[in-house]
Each structure stands twice: as C-alpha cells, then as structure tokens.
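Peer 1: What follows is the file query.pdb, containing PDB, C-alpha atoms, pLDDT in the B column:
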ATOM      1  CA  GLN I  15      -8.270 -69.804  -0.355  1.00 85.00           C
ATOM      2  CA  VAL I  16      -8.621 -71.467   3.011  1.00 93.00           C
ATOM      3  CA  GLN I  17      -8.772 -75.092   4.060  1.00 96.00           C
ATOM      4  CA  LEU I  18     -11.628 -75.995   6.388  1.00 97.00           C
ATOM      5  CA  VAL I  19     -11.836 -79.108   8.552  1.00 97.00           C
ATOM      6  CA  GLU I  20     -15.053 -80.045  10.340  1.00 97.00           C
ATOM      7  CA  SER I  21     -15.306 -82.247  13.402  1.00 97.00           C
ATOM      8  CA  GLY I  22     -17.770 -83.126  16.131  1.00 98.00           C
ATOM      9  CA  GLY I  23     -20.351 -85.118  14.237  1.00 97.00           C
ATOM     10  CA  GLY I  24     -21.718 -88.406  15.472  1.00 98.00           C
ATOM     11  CA  LEU I  25     -24.752 -90.400  16.506  1.00 98.00           C
ATOM     12  CA  VAL I  26     -27.115 -88.895  19.058  1.00 98.00           C
ATOM     13  CA  GLN I  27     -30.632 -89.609  20.252  1.00 98.00           C
ATOM     14  CA  ALA I  28     -33.470 -87.232  19.518  1.00 98.00           C
ATOM     15  CA  GLY I  29     -33.459 -84.380  22.004  1.00 98.00           C
ATOM     16  CA  GLY I  30     -29.711 -84.553  22.435  1.00 98.00           C
ATOM     17  CA  SER I  31     -26.962 -82.079  21.575  1.00 98.00           C
ATOM     18  CA  LEU I  32     -23.814 -81.917  19.509  1.00 98.00           C
ATOM     19  CA  ARG I  33     -21.256 -79.204  18.858  1.00 98.00           C
ATOM     20  CA  LEU I  34     -19.614 -79.063  15.463  1.00 98.00           C
ATOM     21  CA  SER I  35     -16.302 -77.321  14.912  1.00 98.00           C
ATOM     22  CA  CYS I  36     -14.791 -75.930  11.729  1.00 98.00           C
ATOM     23  CA  ALA I  37     -11.079 -75.217  11.918  1.00 97.00           C
ATOM     24  CA  ALA I  38      -9.611 -72.911   9.269  1.00 96.00           C
ATOM     25  CA  SER I  39      -6.059 -73.067   7.973  1.00 96.00           C
ATOM     26  CA  ARG I  40      -5.611 -69.324   8.347  1.00 93.00           C
ATOM     27  CA  SER I  41      -7.184 -66.325  10.002  1.00 92.00           C
ATOM     28  CA  ILE I  42     -10.916 -66.057   9.461  1.00 92.00           C
ATOM     29  CA  LEU I  43     -10.898 -62.345  10.228  1.00 90.00           C
ATOM     30  CA  SER I  44     -10.441 -61.569   6.545  1.00 87.00           C
ATOM     31  CA  ILE I  45     -13.350 -63.781   5.493  1.00 91.00           C
ATOM     32  CA  ASN I  46     -16.601 -61.874   5.081  1.00 90.00           C
ATOM     33  CA  ALA I  47     -18.746 -64.615   6.520  1.00 96.00           C
ATOM     34  CA  MET I  48     -18.706 -68.259   7.531  1.00 97.00           C
ATOM     35  CA  ALA I  49     -21.587 -70.655   7.150  1.00 98.00           C
ATOM     36  CA  TRP I  50     -22.818 -74.135   7.931  1.00 98.00           C
ATOM     37  CA  TYR I  51     -24.721 -76.116   5.311  1.00 98.00           C
ATOM     38  CA  ARG I  52     -26.178 -79.597   5.475  1.00 98.00           C
ATOM     39  CA  GLN I  53     -27.186 -82.240   2.992  1.00 98.00           C
ATOM     40  CA  ALA I  54     -29.496 -85.097   3.811  1.00 97.00           C
ATOM     41  CA  PRO I  55     -29.636 -88.244   1.641  1.00 92.00           C
ATOM     42  CA  GLY I  56     -31.520 -87.572  -1.566  1.00 95.00           C
ATOM     43  CA  LYS I  57     -31.895 -83.871  -0.821  1.00 97.00           C
ATOM     44  CA  GLN I  58     -30.186 -80.696  -1.931  1.00 97.00           C
ATOM     45  CA  ARG I  59     -27.611 -79.006   0.217  1.00 97.00           C
ATOM     46  CA  GLU I  60     -29.267 -76.351   2.354  1.00 98.00           C
ATOM     47  CA  LEU I  61     -28.027 -73.371   4.310  1.00 98.00           C
ATOM     48  CA  VAL I  62     -28.279 -73.832   8.076  1.00 98.00           C
ATOM     49  CA  ALA I  63     -26.624 -70.772   9.592  1.00 98.00           C
ATOM     50  CA  THR I  64     -24.279 -67.911   8.803  1.00 98.00           C
ATOM     51  CA  ILE I  65     -22.108 -65.572  10.823  1.00 97.00           C
ATOM     52  CA  THR I  66     -20.504 -62.440   9.428  1.00 96.00           C
ATOM     53  CA  ARG I  67     -17.123 -61.029  10.271  1.00 93.00           C
ATOM     54  CA  GLY I  68     -18.920 -58.602  12.544  1.00 92.00           C
ATOM     55  CA  GLY I  69     -20.774 -61.370  14.346  1.00 93.00           C
ATOM     56  CA  THR I  70     -24.221 -61.007  12.789  1.00 97.00           C
ATOM     57  CA  THR I  71     -25.984 -64.358  12.620  1.00 98.00           C
ATOM     58  CA  ASN I  72     -28.793 -65.802  10.539  1.00 98.00           C
ATOM     59  CA  TYR I  73     -30.530 -69.163  10.705  1.00 98.00           C
ATOM     60  CA  ALA I  74     -32.777 -71.348   8.635  1.00 98.00           C
ATOM     61  CA  ASP I  75     -36.298 -71.374  10.036  1.00 98.00           C
ATOM     62  CA  SER I  76     -36.013 -75.098  10.713  1.00 97.00           C
ATOM     63  CA  VAL I  77     -33.186 -74.604  13.228  1.00 98.00           C
ATOM     64  CA  LYS I  78     -34.032 -71.245  14.820  1.00 98.00           C
ATOM     65  CA  GLY I  79     -34.040 -71.462  18.580  1.00 98.00           C
ATOM     66  CA  ARG I  80     -32.188 -74.803  18.562  1.00 98.00           C
ATOM     67  CA  PHE I  81     -28.876 -74.123  16.796  1.00 98.00           C
ATOM     68  CA  THR I  82     -26.299 -71.448  17.542  1.00 98.00           C
ATOM     69  CA  ILE I  83     -23.418 -70.457  15.288  1.00 98.00           C
ATOM     70  CA  SER I  84     -20.403 -68.749  16.800  1.00 97.00           C
ATOM     71  CA  ARG I  85     -16.796 -67.978  15.975  1.00 96.00           C
ATOM     72  CA  ASP I  86     -13.533 -67.803  17.880  1.00 95.00           C
ATOM     73  CA  ASN I  87     -11.258 -65.592  15.808  1.00 93.00           C
ATOM     74  CA  ALA I  88      -8.256 -66.336  17.998  1.00 95.00           C
ATOM     75  CA  LYS I  89      -8.603 -70.045  17.223  1.00 96.00           C
ATOM     76  CA  ASN I  90      -9.680 -69.555  13.589  1.00 96.00           C
ATOM     77  CA  THR I  91     -12.654 -71.771  14.370  1.00 97.00           C
ATOM     78  CA  VAL I  92     -16.388 -71.600  13.783  1.00 98.00           C
ATOM     79  CA  TYR I  93     -18.828 -73.636  15.842  1.00 98.00           C
ATOM     80  CA  LEU I  94     -22.361 -74.897  15.462  1.00 98.00           C
ATOM     81  CA  GLN I  95     -24.037 -75.776  18.744  1.00 98.00           C
ATOM     82  CA  MET I  96     -27.011 -78.008  18.026  1.00 98.00           C
ATOM     83  CA  ASN I  97     -29.576 -78.624  20.759  1.00 98.00           C
ATOM     84  CA  SER I  98     -32.923 -80.412  20.818  1.00 98.00           C
ATOM     85  CA  LEU I  99     -31.864 -82.449  17.827  1.00 98.00           C
ATOM     86  CA  LYS I 100     -34.506 -84.130  15.701  1.00 98.00           C
ATOM     87  CA  PRO I 101     -34.261 -87.100  13.312  1.00 97.00           C
ATOM     88  CA  GLU I 102     -34.800 -84.671  10.434  1.00 97.00           C
ATOM     89  CA  ASP I 103     -31.523 -82.965  11.362  1.00 98.00           C
ATOM     90  CA  THR I 104     -29.701 -86.070  10.152  1.00 98.00           C
ATOM     91  CA  ALA I 105     -27.323 -84.986   7.384  1.00 98.00           C
ATOM     92  CA  VAL I 106     -23.747 -84.348   6.437  1.00 98.00           C
ATOM     93  CA  TYR I 107     -22.845 -80.911   7.763  1.00 98.00           C
ATOM     94  CA  TYR I 108     -20.426 -78.739   5.812  1.00 98.00           C
ATOM     95  CA  CYS I 109     -18.532 -75.629   6.759  1.00 98.00           C
ATOM     96  CA  TYR I 110     -18.265 -72.937   4.094  1.00 97.00           C
ATOM     97  CA  GLY I 111     -16.110 -69.850   3.813  1.00 95.00           C
ATOM     98  CA  VAL I 112     -17.719 -66.946   1.981  1.00 92.00           C
ATOM     99  CA  LEU I 113     -14.832 -65.634  -0.070  1.00 89.00           C
ATOM    100  CA  PRO I 114     -14.012 -65.436  -3.801  1.00 89.00           C
ATOM    101  CA  GLY I 115     -14.330 -68.948  -5.156  1.00 88.00           C
ATOM    102  CA  GLY I 116     -15.714 -70.219  -1.853  1.00 91.00           C
ATOM    103  CA  SER I 117     -14.182 -72.884   0.345  1.00 94.00           C
ATOM    104  CA  TRP I 118     -15.871 -76.062   1.536  1.00 96.00           C
ATOM    105  CA  GLY I 119     -14.871 -78.477   4.236  1.00 96.00           C
ATOM    106  CA  GLN I 120     -15.100 -82.245   3.741  1.00 97.00           C
ATOM    107  CA  GLY I 121     -18.207 -82.576   5.903  1.00 97.00           C
ATOM    108  CA  THR I 122     -19.077 -84.360   9.118  1.00 98.00           C
ATOM    109  CA  GLN I 123     -21.934 -86.825   9.540  1.00 98.00           C
ATOM    110  CA  VAL I 124     -24.665 -86.112  12.077  1.00 98.00           C
ATOM    111  CA  THR I 125     -27.166 -88.881  12.724  1.00 98.00           C
ATOM    112  CA  VAL I 126     -30.121 -88.378  15.057  1.00 98.00           C
ATOM    113  CA  SER I 127     -31.985 -91.501  16.089  1.00 98.00           C
ATOM    114  CA  SER I 128     -35.626 -91.468  17.131  1.00 94.00           C
TER     115      SER I 128
END
Give the structure from the file, written as structure tokens.

Peer 2:
Amino acid sequence: QVQLVESGGGLVQAGGSLRLSCAASRSILSINAMAWYRQAPGKQRELVATITRGGTTNYADSVKGRFTISRDNAKNTVYLQMNSLKPEDTAVYYCYGVLPGGSWGQGTQVTVSS
C-alpha cells in the first residue's frame, strides 16, 4: 500500500488556475498508474485524469484542454494543473494509486466561484 496526501485546493474565481499535488509515502515508480478523481456534492465520484508509469495520460472529456496531469518520480508526487476553471469544476479532488487494493488520498476541496 501507499499513503497519499493531496494539497493545493482552495477558492478561485472562474477562469483562474490551481495546481493540486499528491505526495506519496513511497516511490511511485512501482505503481502502474496514478489518477485524479473528483466528487461534487450530490454526485458520484468521477475520473478526471490518469497517468501511467510510462507517462501516458488520459482525461475526462469535460477537462480536456484545461487540465494537465503530470508526475515527478524523484519527488514521488503527482500533479494536476487546472486552468480555465469553471464553477462546475467545484468538487473534492482525490488522488488514487492504481495498485492491488487501491489507495486513496483524503481529498482536497476546490471551489470555483462565478
């Protein structure tokens, strides 16, 4: 297992940017993929972006062209750069490690005001 700690959330106006970080308790090189999910009030948790060990990325259609997922293996950290934020991006954002049993972070709140 791996412990994941997210940071970087906050309150931002529409059109603004935030960068989320997910720090892992051990090397992420052995983890097949890392992902960011989000959950808005009253809605199901949804996949936002993934990045494989080899660096291949995938995004939900709703964030393509605005969000960028990246990883720094030396720092055991995964990032989510969020630009052109919209009120509908408001949610708790969770980091997830794709490994047997899965590992979730505690989440970080992102609030986008109109």

Peer 1: Skipping near chain neighbours, those fewer than 5 positions away, what residues fall within 9 Å of Gly119 of chain I using all atoms listed in the file, listed as a VMD selection string?

Peer 2: chain I and resid 17 to 20 36 108 to 111

Peer 1: Would you output that residue set with C-alpha atoms, as a PDB file, in the frame of the given file?

Peer 2:
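Result file is out-v4.pdb:
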ATOM      1  CA  GLN I  17      -8.772 -75.092   4.060  1.00 96.00           C
ATOM      2  CA  LEU I  18     -11.628 -75.995   6.388  1.00 97.00           C
ATOM      3  CA  VAL I  19     -11.836 -79.108   8.552  1.00 97.00           C
ATOM      4  CA  GLU I  20     -15.053 -80.045  10.340  1.00 97.00           C
ATOM      5  CA  CYS I  36     -14.791 -75.930  11.729  1.00 98.00           C
ATOM      6  CA  TYR I 108     -20.426 -78.739   5.812  1.00 98.00           C
ATOM      7  CA  CYS I 109     -18.532 -75.629   6.759  1.00 98.00           C
ATOM      8  CA  TYR I 110     -18.265 -72.937   4.094  1.00 97.00           C
ATOM      9  CA  GLY I 111     -16.110 -69.850   3.813  1.00 95.00           C
TER      10      GLY I 111
END

Peer 1: Quick one: apply the PyMOL selection byres ((chain I and resi 70) around 12) to the file and drop the selected residues here as a short mmCIF file (atom, residue, chain, number, x, y, z; two decimals) with C-alpha atoms, in the coordinates of the input.

Peer 2:
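Written file, selection.cif:
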data_model
loop_
_atom_site.label_atom_id
_atom_site.label_comp_id
_atom_site.auth_asym_id
_atom_site.auth_seq_id
_atom_site.Cartn_x
_atom_site.Cartn_y
_atom_site.Cartn_z
CA ASN I 46 -16.60 -61.87 5.08
CA ALA I 47 -18.75 -64.61 6.52
CA MET I 48 -18.71 -68.26 7.53
CA ALA I 49 -21.59 -70.66 7.15
CA ALA I 63 -26.62 -70.77 9.59
CA THR I 64 -24.28 -67.91 8.80
CA ILE I 65 -22.11 -65.57 10.82
CA THR I 66 -20.50 -62.44 9.43
CA ARG I 67 -17.12 -61.03 10.27
CA GLY I 68 -18.92 -58.60 12.54
CA GLY I 69 -20.77 -61.37 14.35
CA THR I 71 -25.98 -64.36 12.62
CA ASN I 72 -28.79 -65.80 10.54
CA TYR I 73 -30.53 -69.16 10.70
CA THR I 82 -26.30 -71.45 17.54
CA ILE I 83 -23.42 -70.46 15.29
CA SER I 84 -20.40 -68.75 16.80
CA ARG I 85 -16.80 -67.98 15.98
#

Peer 1: What would the selection look like, as a ChimeraX atom specification, if the PyMOL selection byres ((chain I and resi 39-44) around 6) were run on the coordinates I just shared?

Peer 2: /I:16-17,38,45,90

Peer 1: Which residues, named as in the file, does the PyMOL selection byres ((chain I and resi 106) around 8) pick out? Answer as a list in words.

Peer 2: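 Evaluating the PyMOL selection byres ((chain I and resi 106) around 8) on this file yields Arg52, Gln53, Ala54, Thr104, Ala105, Tyr107, Tyr108, Gly121, Thr122, Gln123 and Val124 of chain I.
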
Peer 1: Kindly give the distance, in Å, that separates atom CA of Ser76 of chain I and atom CA of Val62 of chain I, rounded to a single decimal.

Peer 2: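 Computed distance, atom CA of Ser76 of chain I to atom CA of Val62 of chain I, equals 8.3 Å.
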
Peer 1: What does the distance between atom CA of Pro101 of chain I and atom CA of Ser21 of chain I come to in Å, to one decimal place?

Peer 2: 19.6 Å

Peer 1: One number please: atom CA of Leu25 of chain I to atom CA of Phe81 of chain I, in Å, one decimal.

Peer 2: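 Calculated distance between atom CA of Leu25 of chain I and atom CA of Phe81 of chain I is 16.8 Å.
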
Peer 1: As lines of an AutoDock Vina configuration file, please: the centre and edge lengths in Å, to one decimal, of an axis-aligned box enclosing every listed atom of segment 111-115 of chain I with 3 Å added on each side.

Peer 2:
center_x = -15.9
center_y = -67.6
center_z = -0.7
size_x = 9.7
size_y = 10.4
size_z = 15.0

Peer 1: With all atoms listed in the file as the atoms that count, which of I:Gly116, I:Gly79, I:Leu94, I:Gln27 lies nearest to Trp50 of chain I?

Peer 2: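 With all atoms listed in the file as the atom set, the closest residue is I:Leu94.
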
Peer 1: List the spatial neighbours of Gly30 of chain I as a list in words - criterion: any atom at most 10 Å away, only C-alpha atoms, same-chain residues fewer than 2 positions off excluded.

Peer 2: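 The contact residues come out as Leu25, Val26, Gln27, Ala28, Leu32, Met96, Asn97, Ser98, Leu99, Lys100, Val126 and Ser127 of chain I.
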
Peer 1: Would you mind telling me which residue in I:Thr91, I:Gln120, I:Arg80, I:Gly115 lies nearest to Tyr51 of chain I when using all atoms listed in the file?

Peer 2: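 Selected residue with least distance to Tyr51 of chain I: I:Gln120.
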